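Heads up: the structure comes next, in structure tokens.
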Amino acid sequence: MSGGVTTEPPTHVAAERRAVRPLVWQAVAVVVLYAAVGAGAGWLWHHLWDPPTGVAVDGRFYLDSAGLRGEFSSTGWFVVVAAGVGLVLGVGCALLVQRSELVTLVAVVVGAALATYVMWKVGLSLSAEDPARLARSATDGDRLPARIEVSGGSPFLVLPAASLAALAVAYAGFPKRRLRRG
């Protein structure tokens, strides 16, 4: 006998670890999927958007008349892309991830928030420089493209809300098939 000290955990602890491990991988896979798709959504958002133009006057940037009409399109396209991505990913995760609905729900919330942030940052990184900064060194009358942006905070809730709505509809419409015992 070795003095009652064991080096291996009891078998029930090892079994619990084995049961939790796939759930952790499930959550990680969902979050990584959302992040990757968020990057693609940021690229798509930027490429769907037509940057409005403005003009530099006295070191300041002003949108021209066409630019004023096109200013909303940046936020509009962000909402459209985020809603589509959220719906597709929400339904996909609900139907394809079969282990635990609760783990999927938490992973979708975290993943959707991350995807929204990644989408926004990728879109910004692909956009033109800040026209206010460019206008400081531009000569009067120089035409400058506007920068892609999202107005307000509510558009950032679209992807998570769409994902959760799609997840709820998919869970309600396609209940998980359980094995019958007996």
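Identifiers in the structure tokens: chain A, B, ... in order shown; residue index from 1 per chain; ligand index from 1 in order shown.
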
Extract, using only C-alpha atoms, all DNA, RNA and protein residues at most 10 Å from Gly90 (chain A), discarding same-chain residues fewer than 6 positions from it, and format them as a short mmCIF file (atom, residue, chain, number, x, y, z; two decimals) with N, CA and C atoms, in the first residue's frame.
```
data_model
loop_
_atom_site.label_atom_id
_atom_site.label_comp_id
_atom_site.auth_asym_id
_atom_site.auth_seq_id
_atom_site.Cartn_x
_atom_site.Cartn_y
_atom_site.Cartn_z
N TYR A 34 -18.75 31.16 -35.82
CA TYR A 34 -19.30 32.52 -35.85
C TYR A 34 -18.22 33.56 -36.16
N GLY A 84 -29.01 38.31 -42.21
CA GLY A 84 -28.88 37.08 -43.00
C GLY A 84 -27.93 36.09 -42.37
N THR A 104 -25.29 25.03 -26.70
CA THR A 104 -25.42 25.68 -28.01
C THR A 104 -25.93 27.10 -27.85
N LEU A 105 -26.91 27.31 -26.99
CA LEU A 105 -27.46 28.64 -26.76
C LEU A 105 -26.39 29.60 -26.27
N VAL A 108 -23.88 30.28 -29.02
CA VAL A 108 -24.44 31.15 -30.06
C VAL A 108 -24.45 32.61 -29.59
N VAL A 109 -24.80 32.84 -28.34
CA VAL A 109 -24.80 34.23 -27.83
C VAL A 109 -23.38 34.80 -27.88
N ALA A 112 -22.23 35.06 -31.60
CA ALA A 112 -22.89 36.13 -32.34
C ALA A 112 -22.34 37.49 -31.96
N LEU A 159 -27.39 40.81 -35.48
CA LEU A 159 -26.87 39.46 -35.67
C LEU A 159 -27.18 38.57 -34.46
N PRO A 160 -26.93 39.01 -33.24
CA PRO A 160 -27.30 38.16 -32.10
C PRO A 160 -28.81 37.91 -32.02
N ALA A 161 -29.63 38.92 -32.28
CA ALA A 161 -31.08 38.74 -32.20
C ALA A 161 -31.57 37.78 -33.28
N ALA A 162 -31.05 37.91 -34.49
CA ALA A 162 -31.44 37.01 -35.58
C ALA A 162 -31.01 35.58 -35.27
N SER A 163 -29.82 35.42 -34.71
CA SER A 163 -29.34 34.08 -34.36
C SER A 163 -30.23 33.43 -33.30
N LEU A 164 -30.55 34.22 -32.27
CA LEU A 164 -31.39 33.68 -31.20
C LEU A 164 -32.80 33.37 -31.69
N ALA A 165 -33.35 34.23 -32.54
CA ALA A 165 -34.68 33.97 -33.09
C ALA A 165 -34.68 32.70 -33.94
N ALA A 166 -33.67 32.55 -34.78
CA ALA A 166 -33.58 31.36 -35.62
C ALA A 166 -33.37 30.11 -34.78
N LEU A 167 -32.57 30.22 -33.75
CA LEU A 167 -32.34 29.09 -32.85
C LEU A 167 -33.64 28.68 -32.17
N ALA A 168 -34.40 29.65 -31.69
CA ALA A 168 -35.67 29.36 -31.01
C ALA A 168 -36.67 28.72 -31.96
N VAL A 169 -36.80 29.26 -33.16
CA VAL A 169 -37.74 28.69 -34.13
C VAL A 169 -37.33 27.27 -34.52
N ALA A 170 -36.05 27.06 -34.73
CA ALA A 170 -35.57 25.73 -35.09
C ALA A 170 -35.77 24.73 -33.95
#
```

Just want the 6 Å neighbourhood of Leu144 (chain A), counted on only C-alpha atoms, with same-chain residues fewer than 2 positions away dropped. Output as a CSV table (one decimal) with C-alpha atoms, in the first residue's frame.
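The resulting file, result13.csv, is reproduced below:
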```csv
chain,number,residue,atom,x,y,z
A,53,THR,CA,-18.4,61.1,-51.6
A,54,GLY,CA,-17.7,64.4,-50.1
A,55,VAL,CA,-15.5,67.4,-50.5
```

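Checking A:Leu124, A:Ala39, A:Leu96, A:Leu157 one by one against Tyr171 (chain A), counting only C-alpha atoms, you find the shortest gap at A:Leu96.
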
(request) Name the residues of chain A that fall into helix (DSSP H, G or I) according to DSSP on the backbone, using the chain letters and numbers of this document, as a PyMOL selection string. (result) chain A and resi 11-48+65-70+73-96+101-126+131-137+154-173

(request) Can you pull out every residue within 12 Å of Ser125 (chain A), counting only C-alpha atoms, but drop anything in the same chain fewer than 5 positions away, and send it as a list in words? (result)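 Contacts, with the query itself left out: Ala39, Gly42, Trp43, Trp45, His46, Val118, Met119, Trp120, Asp130, Arg147, Ile148 and Glu149 of chain A.
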
(request) Using only C-alpha atoms, pick whichever of A:Val158, A:Ala27, A:Leu48, A:Ala138 has the shortest atom-to-atom distance to Ala83 (chain A). (result) A:Val158

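Comparing A:Ala56, A:Leu33, A:Val103, A:Ala66 by their smallest distance to Val20 (chain A), the closest is A:Val103 (using only C-alpha atoms).
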
(message) Let me make sure I understand: among A:Gln26, A:Arg60, A:Ala41, A:Val80, which one has the smallest atom-to-atom distance to Gly141 (chain A) if we use only C-alpha atoms?
(response)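 Among A:Gln26, A:Arg60, A:Ala41, A:Val80, it is A:Arg60 that comes nearest to Gly141 (chain A).
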
(message) From the options A:Glu71, A:Asp64, A:Asp50, A:Asp58, which residue's atoms come nearest to Ser151 (chain A), counting only C-alpha atoms?
(response)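 Answer, going by the shortest atom-to-atom distance: A:Glu71.
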
(message) I'd like to know which residues of region 46-151 of chain A are strand (DSSP E or B) (by DSSP, run on the backbone); could you write them as an MDAnalysis selection string?
(response) chainID A and resid 53:57 60:63 143:145

For C-alpha atoms, I'd like the residues from the last selection saved as a compact mmCIF listing (two decimals), in the first residue's frame.
```txt
# COMPACT_ATOMS: atom_id res chain seq x y z
CA THR A 53 -18.38 61.08 -51.64
CA GLY A 54 -17.69 64.41 -50.07
CA VAL A 55 -15.53 67.43 -50.54
CA ALA A 56 -12.75 69.05 -48.52
CA VAL A 57 -13.33 72.69 -47.64
CA ARG A 60 -12.94 69.87 -43.11
CA PHE A 61 -14.88 67.06 -44.80
CA TYR A 62 -18.44 67.64 -46.01
CA LEU A 63 -20.66 65.11 -47.74
CA ARG A 143 -13.29 64.90 -53.56
CA LEU A 144 -12.91 62.26 -50.85
CA PRO A 145 -14.72 58.96 -50.21
```

(request) Quick one: pull the distance between CA of Leu126 (chain A) and CA of Val37 (chain A), Å, one decimal. (result)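 Atom-to-atom, CA of Leu126 (chain A) and CA of Val37 (chain A) are spaced 16.2 Å apart.
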